[in-house]
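target.txt, holding compact mmCIF, N, CA and C atoms:
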# COMPACT_ATOMS: atom_id res chain seq x y z
N MET N 190 0.84 -1.16 0.00
CA MET N 190 0.00 0.00 0.00
C MET N 190 0.89 1.23 0.00
N ALA N 191 0.59 2.19 -0.84
CA ALA N 191 1.40 3.40 -0.92
C ALA N 191 0.61 4.58 -0.40
N PHE N 192 1.29 5.51 0.24
CA PHE N 192 0.65 6.69 0.79
C PHE N 192 1.09 7.94 0.05
N PHE N 193 1.16 7.86 -1.26
CA PHE N 193 1.50 9.01 -2.07
C PHE N 193 0.78 8.88 -3.40
N SER N 194 0.66 10.01 -4.12
CA SER N 194 -0.07 9.98 -5.38
C SER N 194 0.75 9.31 -6.46
N LYS N 195 0.06 8.91 -7.53
CA LYS N 195 0.72 8.23 -8.64
C LYS N 195 1.79 9.13 -9.27
N ASN N 196 1.54 10.45 -9.33
CA ASN N 196 2.52 11.37 -9.91
C ASN N 196 3.79 11.44 -9.08
N ASP N 197 3.64 11.25 -7.79
CA ASP N 197 4.81 11.30 -6.91
C ASP N 197 5.62 10.01 -6.95
N ALA N 198 5.06 8.95 -7.52
CA ALA N 198 5.71 7.65 -7.49
C ALA N 198 7.06 7.65 -8.20
N SER N 199 7.15 8.29 -9.37
CA SER N 199 8.42 8.29 -10.09
C SER N 199 9.46 9.15 -9.37
N ALA N 200 9.02 10.26 -8.79
CA ALA N 200 9.95 11.10 -8.03
C ALA N 200 10.44 10.35 -6.80
N LEU N 201 9.55 9.62 -6.14
CA LEU N 201 9.94 8.81 -4.98
C LEU N 201 10.94 7.75 -5.39
N GLN N 202 10.69 7.07 -6.49
CA GLN N 202 11.59 6.02 -6.94
C GLN N 202 12.99 6.58 -7.19
N ASN N 203 13.09 7.77 -7.79
CA ASN N 203 14.39 8.39 -8.02
C ASN N 203 15.09 8.72 -6.71
N ARG N 204 14.34 9.22 -5.71
CA ARG N 204 14.96 9.56 -4.44
C ARG N 204 15.37 8.31 -3.69
N VAL N 205 14.52 7.27 -3.72
CA VAL N 205 14.86 6.02 -3.03
C VAL N 205 16.07 5.38 -3.67
N ASN N 206 16.16 5.45 -4.98
CA ASN N 206 17.31 4.88 -5.67
C ASN N 206 18.55 5.76 -5.54
N GLY N 207 18.43 6.89 -4.88
CA GLY N 207 19.58 7.78 -4.74
C GLY N 207 20.03 8.29 -6.09
N THR N 208 19.06 8.63 -6.94
CA THR N 208 19.31 9.07 -8.31
C THR N 208 20.24 8.09 -9.03
N ASN N 209 19.94 6.81 -8.83
CA ASN N 209 20.63 5.71 -9.51
C ASN N 209 22.13 5.65 -9.25
N GLU N 210 22.58 6.20 -8.14
CA GLU N 210 23.99 6.11 -7.82
C GLU N 210 24.31 4.74 -7.24
N ALA N 211 25.56 4.35 -7.36
CA ALA N 211 26.00 3.04 -6.86
C ALA N 211 26.07 3.07 -5.34
N ILE N 212 25.94 1.89 -4.74
CA ILE N 212 26.09 1.77 -3.29
C ILE N 212 27.56 1.99 -2.97
N SER N 213 27.82 3.00 -2.13
CA SER N 213 29.22 3.33 -1.83
C SER N 213 29.72 2.68 -0.54
N THR N 214 28.81 2.23 0.33
CA THR N 214 29.20 1.63 1.60
C THR N 214 28.38 0.38 1.85
N VAL N 215 29.05 -0.71 2.24
CA VAL N 215 28.35 -1.94 2.59
C VAL N 215 28.87 -2.42 3.94
N ILE N 216 27.93 -2.63 4.86
CA ILE N 216 28.26 -3.24 6.14
C ILE N 216 27.87 -4.70 5.98
N SER N 217 28.85 -5.59 5.91
CA SER N 217 28.59 -7.00 5.58
C SER N 217 27.89 -7.73 6.71
N ASN N 218 27.37 -8.88 6.37
CA ASN N 218 26.57 -9.70 7.28
C ASN N 218 27.31 -10.05 8.57
N ASP N 219 28.61 -10.24 8.52
CA ASP N 219 29.36 -10.63 9.71
C ASP N 219 29.94 -9.44 10.48
N MET N 220 29.58 -8.22 10.09
CA MET N 220 30.08 -7.03 10.79
C MET N 220 29.11 -6.56 11.85
N ARG N 221 29.66 -6.13 13.00
CA ARG N 221 28.90 -5.53 14.10
C ARG N 221 29.55 -4.20 14.40
N ILE N 222 28.77 -3.13 14.38
CA ILE N 222 29.30 -1.79 14.67
C ILE N 222 28.53 -1.22 15.85
N THR N 223 29.28 -0.66 16.82
CA THR N 223 28.68 0.02 17.95
C THR N 223 29.15 1.46 17.93
N GLY N 224 28.19 2.40 17.91
CA GLY N 224 28.52 3.82 17.89
C GLY N 224 27.73 4.56 16.83
N GLU N 225 27.95 5.85 16.77
CA GLU N 225 27.25 6.70 15.81
C GLU N 225 27.81 6.46 14.41
N VAL N 226 26.90 6.41 13.41
CA VAL N 226 27.31 6.21 12.03
C VAL N 226 26.72 7.33 11.19
N SER N 227 27.55 7.95 10.35
CA SER N 227 27.04 8.94 9.41
C SER N 227 27.68 8.67 8.05
N PHE N 228 26.91 8.96 6.99
CA PHE N 228 27.41 8.70 5.64
C PHE N 228 26.72 9.60 4.63
N THR N 229 27.34 9.73 3.48
CA THR N 229 26.71 10.39 2.34
C THR N 229 26.58 9.37 1.23
N GLY N 230 25.69 9.64 0.29
CA GLY N 230 25.48 8.70 -0.79
C GLY N 230 24.57 7.57 -0.37
N LYS N 231 24.80 6.40 -0.95
CA LYS N 231 23.94 5.23 -0.70
C LYS N 231 24.72 4.17 0.05
N ALA N 232 24.10 3.63 1.10
CA ALA N 232 24.73 2.59 1.92
C ALA N 232 23.78 1.41 2.07
N ARG N 233 24.38 0.22 2.25
CA ARG N 233 23.59 -0.99 2.50
C ARG N 233 24.12 -1.64 3.76
N ILE N 234 23.19 -2.05 4.62
CA ILE N 234 23.57 -2.72 5.86
C ILE N 234 23.05 -4.15 5.81
N ASP N 235 23.99 -5.10 5.87
CA ASP N 235 23.65 -6.52 5.97
C ASP N 235 23.93 -7.02 7.39
N GLY N 236 24.75 -6.30 8.14
CA GLY N 236 25.13 -6.68 9.50
C GLY N 236 24.30 -5.98 10.55
N THR N 237 24.92 -5.69 11.70
CA THR N 237 24.21 -5.09 12.83
C THR N 237 24.90 -3.80 13.26
N ILE N 238 24.09 -2.77 13.46
CA ILE N 238 24.60 -1.51 13.98
C ILE N 238 23.84 -1.19 15.26
N THR N 239 24.59 -0.92 16.34
CA THR N 239 24.01 -0.47 17.60
C THR N 239 24.46 0.96 17.78
N GLY N 240 23.56 1.89 17.53
CA GLY N 240 23.86 3.32 17.58
C GLY N 240 23.03 4.04 16.54
N ASN N 241 23.03 5.34 16.62
CA ASN N 241 22.23 6.16 15.72
C ASN N 241 22.91 6.29 14.36
N ILE N 242 22.07 6.42 13.32
CA ILE N 242 22.56 6.54 11.95
C ILE N 242 22.00 7.81 11.33
N LYS N 243 22.88 8.57 10.70
CA LYS N 243 22.47 9.78 9.98
C LYS N 243 23.10 9.72 8.59
N GLY N 244 22.26 9.82 7.55
CA GLY N 244 22.81 9.72 6.21
C GLY N 244 21.79 10.04 5.15
N GLU N 245 22.11 9.64 3.93
CA GLU N 245 21.25 9.95 2.79
C GLU N 245 20.35 8.76 2.44
N HIS N 246 20.84 7.81 1.67
CA HIS N 246 20.02 6.71 1.16
C HIS N 246 20.50 5.40 1.78
N LEU N 247 19.61 4.73 2.51
CA LEU N 247 19.98 3.50 3.21
C LEU N 247 19.11 2.34 2.75
N ILE N 248 19.77 1.22 2.48
CA ILE N 248 19.08 -0.04 2.20
C ILE N 248 19.45 -0.99 3.33
N LEU N 249 18.44 -1.45 4.06
CA LEU N 249 18.65 -2.40 5.14
C LEU N 249 18.18 -3.75 4.64
N SER N 250 19.11 -4.69 4.46
CA SER N 250 18.78 -6.00 3.90
C SER N 250 18.04 -6.86 4.92
N LYS N 251 17.59 -8.05 4.50
CA LYS N 251 16.87 -8.97 5.39
C LYS N 251 17.68 -9.31 6.63
N SER N 252 18.99 -9.45 6.47
CA SER N 252 19.84 -9.80 7.61
C SER N 252 20.27 -8.58 8.41
N GLY N 253 19.99 -7.38 7.92
CA GLY N 253 20.41 -6.15 8.58
C GLY N 253 19.59 -5.83 9.81
N LYS N 254 20.30 -5.34 10.84
CA LYS N 254 19.64 -4.96 12.09
C LYS N 254 20.21 -3.63 12.57
N VAL N 255 19.32 -2.76 13.03
CA VAL N 255 19.73 -1.48 13.60
C VAL N 255 19.05 -1.32 14.95
N HIS N 256 19.85 -1.00 15.97
CA HIS N 256 19.35 -0.69 17.30
C HIS N 256 19.75 0.76 17.57
N GLY N 257 18.89 1.70 17.16
CA GLY N 257 19.18 3.12 17.31
C GLY N 257 18.27 3.91 16.40
N ASP N 258 18.37 5.22 16.48
CA ASP N 258 17.54 6.12 15.68
C ASP N 258 18.17 6.37 14.32
N LEU N 259 17.32 6.57 13.31
CA LEU N 259 17.77 6.83 11.95
C LEU N 259 17.24 8.17 11.46
N GLU N 260 18.10 8.96 10.84
CA GLU N 260 17.70 10.21 10.20
C GLU N 260 18.27 10.18 8.79
N LEU N 261 17.38 10.04 7.79
CA LEU N 261 17.80 9.76 6.42
C LEU N 261 16.98 10.55 5.41
N ILE N 262 17.45 10.54 4.18
CA ILE N 262 16.64 11.03 3.07
C ILE N 262 15.70 9.92 2.63
N SER N 263 16.25 8.71 2.41
CA SER N 263 15.41 7.59 2.01
C SER N 263 15.86 6.31 2.71
N LEU N 264 14.87 5.46 2.96
CA LEU N 264 15.10 4.17 3.60
C LEU N 264 14.32 3.11 2.85
N VAL N 265 15.01 2.04 2.47
CA VAL N 265 14.38 0.84 1.95
C VAL N 265 14.69 -0.24 2.96
N CYS N 266 13.65 -0.74 3.64
CA CYS N 266 13.86 -1.64 4.77
C CYS N 266 13.33 -3.04 4.48
N HIS N 267 14.25 -4.02 4.57
CA HIS N 267 13.91 -5.44 4.50
C HIS N 267 14.20 -6.10 5.84
N GLY N 268 14.94 -5.43 6.73
CA GLY N 268 15.43 -6.01 7.97
C GLY N 268 14.72 -5.50 9.21
N SER N 269 15.45 -5.44 10.33
CA SER N 269 14.87 -5.09 11.63
C SER N 269 15.45 -3.78 12.16
N ILE N 270 14.56 -2.94 12.69
CA ILE N 270 14.97 -1.68 13.29
C ILE N 270 14.26 -1.54 14.64
N GLU N 271 15.06 -1.27 15.68
CA GLU N 271 14.53 -0.90 16.99
C GLU N 271 15.01 0.50 17.27
N GLY N 272 14.14 1.47 17.00
CA GLY N 272 14.49 2.87 17.17
C GLY N 272 13.57 3.72 16.33
N ASN N 273 13.71 5.01 16.46
CA ASN N 273 12.86 5.96 15.74
C ASN N 273 13.46 6.27 14.37
N ILE N 274 12.57 6.49 13.40
CA ILE N 274 12.99 6.76 12.03
C ILE N 274 12.42 8.09 11.59
N LYS N 275 13.29 8.93 11.03
CA LYS N 275 12.85 10.18 10.41
C LYS N 275 13.48 10.22 9.03
N ALA N 276 12.62 10.23 7.99
CA ALA N 276 13.12 10.21 6.62
C ALA N 276 12.11 10.85 5.69
N GLN N 277 12.58 11.30 4.54
CA GLN N 277 11.66 11.84 3.55
C GLN N 277 10.86 10.72 2.91
N ASP N 278 11.53 9.65 2.50
CA ASP N 278 10.89 8.56 1.78
C ASP N 278 11.23 7.23 2.44
N VAL N 279 10.21 6.44 2.74
CA VAL N 279 10.41 5.15 3.40
C VAL N 279 9.62 4.09 2.66
N THR N 280 10.30 2.98 2.35
CA THR N 280 9.66 1.80 1.76
C THR N 280 9.93 0.63 2.69
N ILE N 281 8.85 -0.01 3.15
CA ILE N 281 8.97 -1.11 4.09
C ILE N 281 8.48 -2.38 3.41
N HIS N 282 9.37 -3.36 3.30
CA HIS N 282 9.08 -4.61 2.59
C HIS N 282 8.52 -5.67 3.55
N PRO N 283 7.96 -6.76 3.02
CA PRO N 283 7.30 -7.77 3.87
C PRO N 283 8.17 -8.40 4.94
N THR N 284 9.47 -8.45 4.74
CA THR N 284 10.37 -9.08 5.72
C THR N 284 10.78 -8.13 6.84
N ALA N 285 10.37 -6.87 6.76
CA ALA N 285 10.80 -5.85 7.72
C ALA N 285 10.07 -5.98 9.05
N ASN N 286 10.79 -5.58 10.10
CA ASN N 286 10.24 -5.55 11.45
C ASN N 286 10.69 -4.25 12.10
N LEU N 287 9.77 -3.31 12.32
CA LEU N 287 10.10 -2.01 12.89
C LEU N 287 9.45 -1.84 14.24
N LEU N 288 10.25 -1.44 15.22
CA LEU N 288 9.76 -1.16 16.56
C LEU N 288 10.24 0.24 16.92
N GLY N 289 9.32 1.21 16.88
CA GLY N 289 9.66 2.60 17.16
C GLY N 289 8.79 3.52 16.34
N ASN N 290 8.95 4.80 16.56
CA ASN N 290 8.16 5.80 15.85
C ASN N 290 8.75 6.09 14.48
N LEU N 291 7.86 6.38 13.53
CA LEU N 291 8.28 6.63 12.16
C LEU N 291 7.66 7.93 11.67
N ALA N 292 8.49 8.85 11.18
CA ALA N 292 8.02 10.11 10.60
C ALA N 292 8.58 10.20 9.19
N ALA N 293 7.68 10.31 8.20
CA ALA N 293 8.12 10.34 6.80
C ALA N 293 7.18 11.19 5.97
N GLU N 294 7.72 11.78 4.90
CA GLU N 294 6.89 12.50 3.94
C GLU N 294 6.13 11.52 3.07
N ASN N 295 6.83 10.50 2.58
CA ASN N 295 6.24 9.49 1.71
C ASN N 295 6.51 8.13 2.33
N LEU N 296 5.46 7.32 2.42
CA LEU N 296 5.59 6.02 3.06
C LEU N 296 4.89 4.96 2.22
N SER N 297 5.60 3.85 2.01
CA SER N 297 5.04 2.70 1.32
C SER N 297 5.30 1.47 2.17
N VAL N 298 4.22 0.76 2.52
CA VAL N 298 4.33 -0.43 3.35
C VAL N 298 3.72 -1.59 2.60
N GLU N 299 4.52 -2.63 2.39
CA GLU N 299 4.02 -3.81 1.69
C GLU N 299 3.38 -4.77 2.68
N PRO N 300 2.37 -5.54 2.22
CA PRO N 300 1.70 -6.50 3.10
C PRO N 300 2.70 -7.48 3.72
N GLY N 301 2.54 -7.72 5.01
CA GLY N 301 3.42 -8.64 5.72
C GLY N 301 4.44 -7.93 6.58
N ALA N 302 4.72 -6.66 6.30
CA ALA N 302 5.67 -5.91 7.12
C ALA N 302 5.09 -5.72 8.52
N ARG N 303 5.97 -5.74 9.51
CA ARG N 303 5.53 -5.58 10.90
C ARG N 303 6.00 -4.24 11.43
N LEU N 304 5.03 -3.42 11.85
CA LEU N 304 5.32 -2.11 12.41
C LEU N 304 4.68 -2.00 13.78
N ASN N 305 5.45 -1.54 14.76
CA ASN N 305 4.92 -1.34 16.10
C ASN N 305 5.43 -0.01 16.59
N GLY N 306 4.57 1.02 16.54
CA GLY N 306 4.95 2.36 16.95
C GLY N 306 4.03 3.37 16.30
N GLU N 307 4.32 4.61 16.53
CA GLU N 307 3.51 5.71 15.99
C GLU N 307 4.04 6.11 14.62
N ILE N 308 3.12 6.36 13.69
CA ILE N 308 3.48 6.80 12.34
C ILE N 308 2.94 8.20 12.14
N SER N 309 3.78 9.11 11.66
CA SER N 309 3.32 10.47 11.38
C SER N 309 3.86 10.93 10.04
N SER N 310 3.12 11.87 9.45
CA SER N 310 3.49 12.42 8.15
C SER N 310 4.22 13.74 8.35
N THR N 311 5.46 13.82 7.94
CA THR N 311 6.19 15.08 8.04
C THR N 311 5.71 16.07 7.00
N ALA N 312 5.07 15.60 5.93
CA ALA N 312 4.51 16.50 4.92
C ALA N 312 3.41 17.34 5.56
N GLN N 313 2.56 16.74 6.39
CA GLN N 313 1.50 17.47 7.07
C GLN N 313 2.10 18.45 8.07
N GLN N 314 3.17 18.06 8.74
CA GLN N 314 3.81 18.95 9.70
C GLN N 314 4.40 20.16 8.99
N LYS N 315 5.02 19.94 7.82
CA LYS N 315 5.59 21.04 7.05
C LYS N 315 4.49 21.99 6.59
N GLN N 316 3.36 21.44 6.13
CA GLN N 316 2.24 22.27 5.68
C GLN N 316 1.70 23.10 6.83
N ALA N 317 1.58 22.52 8.00
CA ALA N 317 1.08 23.23 9.17
C ALA N 317 2.02 24.36 9.56
N LYS N 318 3.34 24.10 9.53
CA LYS N 318 4.31 25.14 9.86
C LYS N 318 4.27 26.27 8.85
N THR N 319 4.14 25.93 7.57
CA THR N 319 4.06 26.94 6.52
C THR N 319 2.81 27.79 6.69
N ALA N 320 1.68 27.16 6.97
CA ALA N 320 0.42 27.88 7.18
C ALA N 320 0.53 28.80 8.39
N ALA N 321 1.14 28.32 9.46
CA ALA N 321 1.31 29.14 10.67
C ALA N 321 2.21 30.33 10.39
N ALA N 322 3.27 30.12 9.62
CA ALA N 322 4.18 31.21 9.28
C ALA N 322 3.47 32.25 8.43
N ARG N 323 2.66 31.81 7.48
CA ARG N 323 1.91 32.76 6.63
C ARG N 323 0.92 33.56 7.47
N SER N 324 0.26 32.90 8.40
CA SER N 324 -0.70 33.57 9.27
C SER N 324 0.00 34.63 10.12
N THR N 325 1.17 34.30 10.64
CA THR N 325 1.94 35.25 11.44
C THR N 325 2.38 36.43 10.60
N ASP N 326 2.82 36.16 9.36
CA ASP N 326 3.24 37.24 8.46
C ASP N 326 2.07 38.16 8.14
N LYS N 327 0.88 37.61 7.92
CA LYS N 327 -0.31 38.43 7.63
C LYS N 327 -0.66 39.32 8.80
N GLU N 328 -0.54 38.76 10.03
CA GLU N 328 -0.84 39.54 11.23
C GLU N 328 0.14 40.68 11.39
N LYS N 329 1.40 40.46 11.09
CA LYS N 329 2.42 41.51 11.20
C LYS N 329 2.20 42.61 10.17
N ASN N 330 1.72 42.25 8.99
CA ASN N 330 1.54 43.22 7.90
C ASN N 330 0.17 43.90 7.94
N SER N 331 -0.73 43.46 8.80
CA SER N 331 -2.06 44.07 8.90
C SER N 331 -1.97 45.38 9.69
N PRO N 332 -2.76 46.41 9.25
CA PRO N 332 -2.74 47.69 9.99
C PRO N 332 -3.47 47.61 11.30
Please express the file's structure as structure tokens.
Amino acid sequence: MAFFSKNDASALQNRVNGTNEAISTVISNDMRITGEVSFTGKARIDGTITGNIKGEHLILSKSGKVHGDLELISLVCHGSIEGNIKAQDVTIHPTANLLGNLAAENLSVEPGARLNGEISSTAQQKQAKTAAARSTDKEKNSP
């Protein structure tokens, strides 16, 4: 099930694919990392990360596990996440297991995916902030 319009689908696909750039970082299945992780470009996690992640485009494979918060441009999730997610575009596949809050502009969840937490739309939050700012500007400019 997708939570965006058909016109937005191609733009979402380009952002999720990281504008078709190659994966620049791979955390292999036998790797375990503890600590903060940040990256640019596209990364794939097959192993386990315990700590917060901040980056651009992340692919979490079926074997991938994250115990920490994520702040990304796009996330394609096949694995397990225990932590909060904030991203522009999120695609959750049937093998995914998410435990934590999720905030995204565009969200696609395939049948079978497991989500346990609060889901919010950052697009609605942005619209509300913009409307509030316009209202404040009108009040300032009124005689």
Practice item. Kindly extract all protein, DNA and RNA residues lying within 8 Å of the coordinates (21.6, -8.6, 8.2) given in the file, considering only N, CA and C atoms, and supply them as number ranges by chain. Key: N: 216-219, 234-237, 249-255, 268-269
Check your understanding: Counting only C-alpha atoms, what is within 6 Å of Ile248 (chain N), bar same-chain residues fewer than 2 positions away, as a PyMOL selection string?
Key -> chain N and resi 233+264-265
Exercise for review: Tell me, in Å to one decimal, how far atom N of Ile238 (chain N) is from atom C of Arg221 (chain N).
Suggested key: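 Those two atoms sit 5.7 Å apart.
Across the structure, CA of Pro283 (chain N) and CA of Asn241 (chain N) are spaced 23.6 Å apart.
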Revision key, fill the gap. Separating atom N of Ala302 (chain N) from atom C of Thr229 (chain N), to the nearest tenth of an Å, is a gap of 27.6 Å
Exercise for review: Please provide the set of residues having any atom within 5 Å of Arg303 (chain N), restricted to all atoms listed in the file, with same-chain residues fewer than 3 positions apart removed, written as a ChimeraX atom specification.
Suggested key: /N:285-287
Review point. Region 224-228 of chain N: which residues within 8 Å, counting all atoms listed in the file, same-chain residues fewer than 5 positions away excluded, as a list in words?
Key: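 The contact residues come out as Ile238, Thr239, Gly240, Asn241, Ile242, Lys243, Gly244, Glu245 and His246 of chain N.
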Practice item. Counting all atoms listed in the file, note down every residue that has an atom within 7 Å of the point (13.4, 4.5, 16.9) (file coordinates), as a ChimeraX atom specification. Key: /N:257-259,270-274,288-291
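Compared by their closest atoms to Val215 (chain N), and using all atoms listed in the file, the residues N:Cys266, N:Ala232, N:Leu304, N:Val279 rank with N:Ala232 nearest.
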Practice item. Please identify which residues in region 262-315 of chain N DSSP calls strand (DSSP E) from the backbone, and express them as an MDAnalysis selection string. Key: chainID N and resid 262:266 269:271 274:281 286:288 291:298 303:305 308:310
Check your understanding: Between N:Ile212, N:Ile262, N:Leu247, N:Ala312, which is the closest to Glu294 (chain N) once you count all atoms listed in the file?
Key ->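 The answer is N:Ala312, which sits nearest to Glu294 (chain N).
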